[in-house]
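Visitor: Below are the structure tokens for one structure; questions will follow.
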Amino acid sequence: MTRFSANLGFLWTDRALPDAIRAAKAAGFDAVECHWPYDVSADAVRAALDDTGLPMLGLNTRRGDVAAGENGLCALPGREAEARAAIDEALDYARVVKVGAVHVMAGFASGSAARETFVENLRYACGAAGDRTILIEPLNRHDAPGYYLQTTDQAAQIIAEVNAPNLKLMFDCYHVGRNEGDVITRLGALKTQIGHIQFASVPERAAPDQGELNYAAIFAAIDQMGWDAPLGAEYKPGGDTDATLGWMQTLV
């Protein structure tokens, strides 16, 4: 049976993170995940997870100087100390909250130096992570032009180069749908490298019961792959989150 994780970077953003966790439980989600929880006490988040019984699947490393437009640090040559500090911070938070995976954000960069920097920072992250998973995620060129990691092929090559058992691909059907297409085929081809799956409609990044992608077929294909972890609902509700949740009944 398909299970779902609420991405609280987009869902119930009108509530404090502990209250958003409780809202996700009330709505019937099986897990939660987030983006950058660092302004909230890890103990408060852990308490909300304990209250609800929900696991938190993942969080992101900090983006850097958001006001300057940064979106990750780990592929930026010359910024290794900051990148590794962000990795350490994310892993420390994850240990307190018992988060299973950390998404290491590459940032805006290009070229061979960026690749070398990203690979070395990922090796650092994988070594520091212990039994946690390190995730990398290609972002589409429309929403994040200039982001270092843009395609699943590029991600698969980097995973092979780093060659660490705890480095996996965050397969976001939305980003793959916008940038590459052929979502179901790519899911099947990459299944041994995937560590987490997310979804949203294409191209609006809204709830999955609209747009170009047939999520009833995608969810069925994921089930047929033998995937049993919760799928991350990372979409923009455009209003009251609870009013957008009909897909949880109609698409499975």
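Following the order of the structure tokens, first chain is A, next is B, and so on, with residues numbered from 1 inside each chain and ligands from 1 in the order they appear.
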Just the residues within 9 Å of Lys98 in chain A, please, counting only C-alpha atoms, with nothing from its chain fewer than 6 positions along; format it as an mmCIF file with C-alpha atoms, in the first residue's frame.

Guide:
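Final output, saved to part-v6.cif:
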data_model
loop_
_atom_site.group_PDB
_atom_site.id
_atom_site.type_symbol
_atom_site.label_atom_id
_atom_site.label_comp_id
_atom_site.auth_asym_id
_atom_site.auth_seq_id
_atom_site.Cartn_x
_atom_site.Cartn_y
_atom_site.Cartn_z
ATOM 1 C CA ARG A 46 11.512 15.534 18.617
ATOM 2 C CA PRO A 55 9.173 9.541 11.714
ATOM 3 C CA MET A 56 10.947 12.489 10.095
ATOM 4 C CA LEU A 57 12.544 11.188 6.920
#

Visitor: Residues near range 60-76 of chain A, anyone? I mean within 8 Å using only C-alpha atoms, not counting same-chain ones fewer than 4 positions away, as a PyMOL selection string.

Guide: chain A and resi 34-36+80+82-84+86-87+89-90+102-109+114-119+121-122+147-148

Visitor: Quick one: residues within 10 Å of Gly239 in chain A, only C-alpha atoms, excluding same-chain residues fewer than 6 positions away - as a PyMOL selection string?

Guide: chain A and resi 11-14

Visitor: For the selection you just gave me, I'd like the residues written to a file as a PDB file, in the first residue's frame, keeping N, CA and C atoms.

Guide:
ATOM      1  N   LEU A  11       3.937  22.323   3.105  1.00  0.00           N
ATOM      2  CA  LEU A  11       2.602  22.045   3.646  1.00  0.00           C
ATOM      3  C   LEU A  11       2.493  22.581   5.077  1.00  0.00           C
ATOM      4  N   TRP A  12       1.372  23.193   5.378  1.00  0.00           N
ATOM      5  CA  TRP A  12       1.096  23.777   6.703  1.00  0.00           C
ATOM      6  C   TRP A  12       2.174  24.765   7.132  1.00  0.00           C
ATOM      7  N   THR A  13       2.606  25.606   6.205  1.00  0.00           N
ATOM      8  CA  THR A  13       3.638  26.590   6.537  1.00  0.00           C
ATOM      9  C   THR A  13       3.094  27.742   7.375  1.00  0.00           C
ATOM     10  N   ASP A  14       1.780  27.801   7.558  1.00  0.00           N
ATOM     11  CA  ASP A  14       1.182  28.814   8.432  1.00  0.00           C
ATOM     12  C   ASP A  14       1.283  28.423   9.907  1.00  0.00           C
TER      13      ASP A  14
END

Visitor: For a test of reading the model, state the distance in Å between CA of Pro138 in chain A and CA of Ile222 in chain A, rounded to one decimal.

Guide: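 That distance, rounded to one decimal, is 19.2 Å.
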
Visitor: Give the strand (DSSP E) residues of range 16-252 of chain A, as DSSP finds them on the backbone, and put them as a PyMOL selection string.

Guide: chain A and resi 31-33+58-60+101-103+133-136+167-172+194-199+231-233

Visitor: What's around Leu231 in chain A at 6 Å? Count only C-alpha atoms, leave out sequence neighbours fewer than 3 positions away in its own chain, and write the answer as a list in words.

Guide: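 Surrounding residues, per the criterion: Phe4, Ser5, Ile197 and Gln198 of chain A.
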
Visitor: Store the residues picked out above in a file with all heavy atoms, as an mmCIF file, in the first residue's frame.

Guide:
data_model
loop_
_atom_site.group_PDB
_atom_site.id
_atom_site.type_symbol
_atom_site.label_atom_id
_atom_site.label_comp_id
_atom_site.auth_asym_id
_atom_site.auth_seq_id
_atom_site.Cartn_x
_atom_site.Cartn_y
_atom_site.Cartn_z
ATOM 1 N N PHE A 4 2.583 7.947 2.460
ATOM 2 C CA PHE A 4 2.984 9.304 2.105
ATOM 3 C C PHE A 4 3.624 10.038 3.275
ATOM 4 O O PHE A 4 3.258 9.849 4.439
ATOM 5 C CB PHE A 4 1.777 10.101 1.607
ATOM 6 C CG PHE A 4 1.174 9.545 0.350
ATOM 7 C CD1 PHE A 4 -0.049 8.889 0.380
ATOM 8 C CD2 PHE A 4 1.842 9.641 -0.856
ATOM 9 C CE1 PHE A 4 -0.604 8.359 -0.780
ATOM 10 C CE2 PHE A 4 1.298 9.116 -2.023
ATOM 11 C CZ PHE A 4 0.069 8.469 -1.983
ATOM 12 N N SER A 5 4.581 10.894 2.925
ATOM 13 C CA SER A 5 5.260 11.781 3.863
ATOM 14 C C SER A 5 4.907 13.221 3.502
ATOM 15 O O SER A 5 4.947 13.609 2.329
ATOM 16 C CB SER A 5 6.775 11.569 3.773
ATOM 17 O OG SER A 5 7.474 12.562 4.482
ATOM 18 N N ILE A 197 11.782 9.348 -2.701
ATOM 19 C CA ILE A 197 10.991 9.790 -3.849
ATOM 20 C C ILE A 197 10.036 10.891 -3.393
ATOM 21 O O ILE A 197 9.376 10.753 -2.356
ATOM 22 C CB ILE A 197 10.194 8.622 -4.465
ATOM 23 C CG1 ILE A 197 11.139 7.525 -4.952
ATOM 24 C CG2 ILE A 197 9.307 9.116 -5.605
ATOM 25 C CD1 ILE A 197 10.433 6.242 -5.402
ATOM 26 N N GLN A 198 9.976 11.970 -4.167
ATOM 27 C CA GLN A 198 9.052 13.072 -3.913
ATOM 28 C C GLN A 198 8.190 13.318 -5.147
ATOM 29 O O GLN A 198 8.485 12.825 -6.237
ATOM 30 C CB GLN A 198 9.817 14.351 -3.554
ATOM 31 C CG GLN A 198 10.625 14.245 -2.278
ATOM 32 C CD GLN A 198 11.449 15.492 -1.996
ATOM 33 O OE1 GLN A 198 11.965 16.139 -2.906
ATOM 34 N NE2 GLN A 198 11.587 15.822 -0.726
#

Visitor: Using DSSP on the backbone coordinates, identify the residues of range 74-216 of chain A assigned to helix (DSSP H, G or I); present them as a ChimeraX atom specification.

Guide: /A:80-97,112-128,152-162,173-179,183-190,215-216

Visitor: Identify, on the basis of only C-alpha atoms, every residue whose closest approach to Gly181 in chain A does not exceed 12 Å; exclude the query and any residue fewer than 5 positions from it along the same chain; express the result as a compact mmCIF listing (two decimals) with C-alpha atoms, in the first residue's frame.

Guide:
# COMPACT_ATOMS: atom_id res chain seq x y z
CA ASN A 140 15.15 21.54 -12.81
CA THR A 151 19.81 15.60 -14.26
CA THR A 152 19.43 12.10 -12.91
CA ASP A 172 11.69 14.20 -7.23
CA CYS A 173 9.12 13.35 -9.90
CA TYR A 174 8.37 17.05 -10.27
CA HIS A 175 11.97 18.06 -11.08
CA VAL A 176 12.49 15.01 -13.31
CA ARG A 186 13.71 6.66 -15.07
CA LEU A 187 12.32 5.44 -11.75
CA VAL A 202 3.98 19.42 -13.45
CA PRO A 203 4.38 22.24 -14.29
CA GLU A 212 0.74 16.73 -16.97
CA LEU A 213 1.82 13.72 -14.90

Visitor: Which residues are close to Arg132 in chain A, i.e. within 12 Å by only C-alpha atoms, leaving aside same-chain residues fewer than 2 positions away? Reply as a ChimeraX atom specification.

Guide: /A:57-59,90-92,94-95,98-103,125-130,134-135,164-168,195

Visitor: Convert the current residue selection to file output with N, CA and C atoms, as a PDB file, in the first residue's frame.

Guide:
ATOM      1  N   LEU A  57      11.702  11.903   7.878  1.00  0.00           N
ATOM      2  CA  LEU A  57      12.544  11.188   6.920  1.00  0.00           C
ATOM      3  C   LEU A  57      13.778  11.966   6.496  1.00  0.00           C
ATOM      4  N   GLY A  58      13.680  13.296   6.386  1.00  0.00           N
ATOM      5  CA  GLY A  58      14.818  14.023   5.856  1.00  0.00           C
ATOM      6  C   GLY A  58      14.753  15.512   6.109  1.00  0.00           C
ATOM      7  N   LEU A  59      15.911  16.154   5.957  1.00  0.00           N
ATOM      8  CA  LEU A  59      16.043  17.601   6.014  1.00  0.00           C
ATOM      9  C   LEU A  59      17.195  17.998   5.094  1.00  0.00           C
ATOM     10  N   ALA A  90      23.610  19.898   9.932  1.00  0.00           N
ATOM     11  CA  ALA A  90      22.464  19.086   9.532  1.00  0.00           C
ATOM     12  C   ALA A  90      22.508  17.710  10.184  1.00  0.00           C
ATOM     13  N   LEU A  91      23.692  17.106  10.231  1.00  0.00           N
ATOM     14  CA  LEU A  91      23.809  15.785  10.842  1.00  0.00           C
ATOM     15  C   LEU A  91      23.583  15.845  12.352  1.00  0.00           C
ATOM     16  N   ASP A  92      24.063  16.895  12.998  1.00  0.00           N
ATOM     17  CA  ASP A  92      23.826  17.045  14.435  1.00  0.00           C
ATOM     18  C   ASP A  92      22.336  17.163  14.726  1.00  0.00           C
ATOM     19  N   ALA A  94      19.931  16.127  12.809  1.00  0.00           N
ATOM     20  CA  ALA A  94      19.314  14.843  12.445  1.00  0.00           C
ATOM     21  C   ALA A  94      19.469  13.811  13.551  1.00  0.00           C
ATOM     22  N   ARG A  95      20.598  13.828  14.236  1.00  0.00           N
ATOM     23  CA  ARG A  95      20.807  12.853  15.307  1.00  0.00           C
ATOM     24  C   ARG A  95      19.847  13.091  16.476  1.00  0.00           C
ATOM     25  N   LYS A  98      16.371  12.258  15.164  1.00  0.00           N
ATOM     26  CA  LYS A  98      16.310  10.895  14.623  1.00  0.00           C
ATOM     27  C   LYS A  98      15.815  10.892  13.178  1.00  0.00           C
ATOM     28  N   VAL A  99      16.375  11.831  12.401  1.00  0.00           N
ATOM     29  CA  VAL A  99      16.078  11.932  10.973  1.00  0.00           C
ATOM     30  C   VAL A  99      16.973  10.955  10.222  1.00  0.00           C
ATOM     31  N   GLY A 100      16.398  10.243   9.258  1.00  0.00           N
ATOM     32  CA  GLY A 100      17.141   9.200   8.579  1.00  0.00           C
ATOM     33  C   GLY A 100      18.035   9.648   7.445  1.00  0.00           C
ATOM     34  N   ALA A 101      17.771  10.838   6.864  1.00  0.00           N
ATOM     35  CA  ALA A 101      18.524  11.253   5.678  1.00  0.00           C
ATOM     36  C   ALA A 101      18.752  12.756   5.685  1.00  0.00           C
ATOM     37  N   VAL A 102      19.871  13.167   5.116  1.00  0.00           N
ATOM     38  CA  VAL A 102      20.207  14.581   4.941  1.00  0.00           C
ATOM     39  C   VAL A 102      20.460  14.828   3.462  1.00  0.00           C
ATOM     40  N   HIS A 103      19.742  15.807   2.914  1.00  0.00           N
ATOM     41  CA  HIS A 103      19.940  16.235   1.527  1.00  0.00           C
ATOM     42  C   HIS A 103      21.034  17.296   1.507  1.00  0.00           C
ATOM     43  N   ALA A 125      30.624  14.103   3.789  1.00  0.00           N
ATOM     44  CA  ALA A 125      29.290  13.913   4.363  1.00  0.00           C
ATOM     45  C   ALA A 125      29.006  12.439   4.609  1.00  0.00           C
ATOM     46  N   CYS A 126      29.319  11.598   3.647  1.00  0.00           N
ATOM     47  CA  CYS A 126      29.043  10.165   3.792  1.00  0.00           C
ATOM     48  C   CYS A 126      29.851   9.566   4.927  1.00  0.00           C
ATOM     49  N   GLY A 127      31.086  10.030   5.092  1.00  0.00           N
ATOM     50  CA  GLY A 127      31.900   9.527   6.180  1.00  0.00           C
ATOM     51  C   GLY A 127      31.410   9.981   7.540  1.00  0.00           C
ATOM     52  N   ALA A 128      30.860  11.196   7.606  1.00  0.00           N
ATOM     53  CA  ALA A 128      30.385  11.747   8.874  1.00  0.00           C
ATOM     54  C   ALA A 128      28.986  11.271   9.235  1.00  0.00           C
ATOM     55  N   ALA A 129      28.259  10.718   8.287  1.00  0.00           N
ATOM     56  CA  ALA A 129      26.834  10.443   8.473  1.00  0.00           C
ATOM     57  C   ALA A 129      26.555   9.207   9.307  1.00  0.00           C
ATOM     58  N   GLY A 130      27.521   8.331   9.463  1.00  0.00           N
ATOM     59  CA  GLY A 130      27.262   7.095  10.196  1.00  0.00           C
ATOM     60  C   GLY A 130      26.245   6.251   9.461  1.00  0.00           C
ATOM     61  N   ILE A 134      22.890  10.009   2.937  1.00  0.00           N
ATOM     62  CA  ILE A 134      23.115  11.306   2.307  1.00  0.00           C
ATOM     63  C   ILE A 134      22.426  11.284   0.947  1.00  0.00           C
ATOM     64  N   LEU A 135      21.630  12.311   0.695  1.00  0.00           N
ATOM     65  CA  LEU A 135      20.875  12.412  -0.550  1.00  0.00           C
ATOM     66  C   LEU A 135      21.388  13.569  -1.397  1.00  0.00           C
ATOM     67  N   ALA A 164      30.052   5.498  -2.151  1.00  0.00           N
ATOM     68  CA  ALA A 164      29.760   5.288  -0.738  1.00  0.00           C
ATOM     69  C   ALA A 164      28.382   4.639  -0.625  1.00  0.00           C
ATOM     70  N   PRO A 165      28.220   3.623   0.195  1.00  0.00           N
ATOM     71  CA  PRO A 165      26.947   2.903   0.240  1.00  0.00           C
ATOM     72  C   PRO A 165      25.787   3.737   0.769  1.00  0.00           C
ATOM     73  N   ASN A 166      26.071   4.811   1.494  1.00  0.00           N
ATOM     74  CA  ASN A 166      24.996   5.634   2.050  1.00  0.00           C
ATOM     75  C   ASN A 166      24.728   6.897   1.245  1.00  0.00           C
ATOM     76  N   LEU A 167      25.248   6.994   0.026  1.00  0.00           N
ATOM     77  CA  LEU A 167      24.918   8.105  -0.865  1.00  0.00           C
ATOM     78  C   LEU A 167      23.859   7.648  -1.850  1.00  0.00           C
ATOM     79  N   LYS A 168      22.714   8.358  -1.869  1.00  0.00           N
ATOM     80  CA  LYS A 168      21.588   7.962  -2.697  1.00  0.00           C
ATOM     81  C   LYS A 168      20.998   9.177  -3.421  1.00  0.00           C
ATOM     82  N   GLY A 195      17.157   6.902  -2.888  1.00  0.00           N
ATOM     83  CA  GLY A 195      17.003   6.863  -1.444  1.00  0.00           C
ATOM     84  C   GLY A 195      15.709   7.466  -0.958  1.00  0.00           C
TER      85      GLY A 195
END

Visitor: So that I can check the surroundings of Ala155 in chain A, please list as a PyMOL selection string every protein, DNA and RNA residue that reaches within 9 Å of it, counting only C-alpha atoms and ignoring chain neighbours fewer than 5 positions away.

Guide: chain A and resi 136-138+149-150+160+168-169

Visitor: Tell me, in Å to one decimal, how far CA of Glu33 in chain A is from CA of Ala189 in chain A.

Guide: 25.1 Å

Visitor: For CA of Gly78 in chain A and CA of Pro145 in chain A, determine how far apart the two atoms are, in Å to one decimal place.

Guide: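 Rounded to one decimal, the two atoms are 21.2 Å apart.
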
Visitor: Point out the residue among A:Gly9, A:Gly177, A:Pro18, A:Gly211 with the least atom-to-atom distance to Ala47 in chain A, counting only C-alpha atoms.

Guide: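 Closest to Ala47 in chain A of all the choices is A:Pro18.
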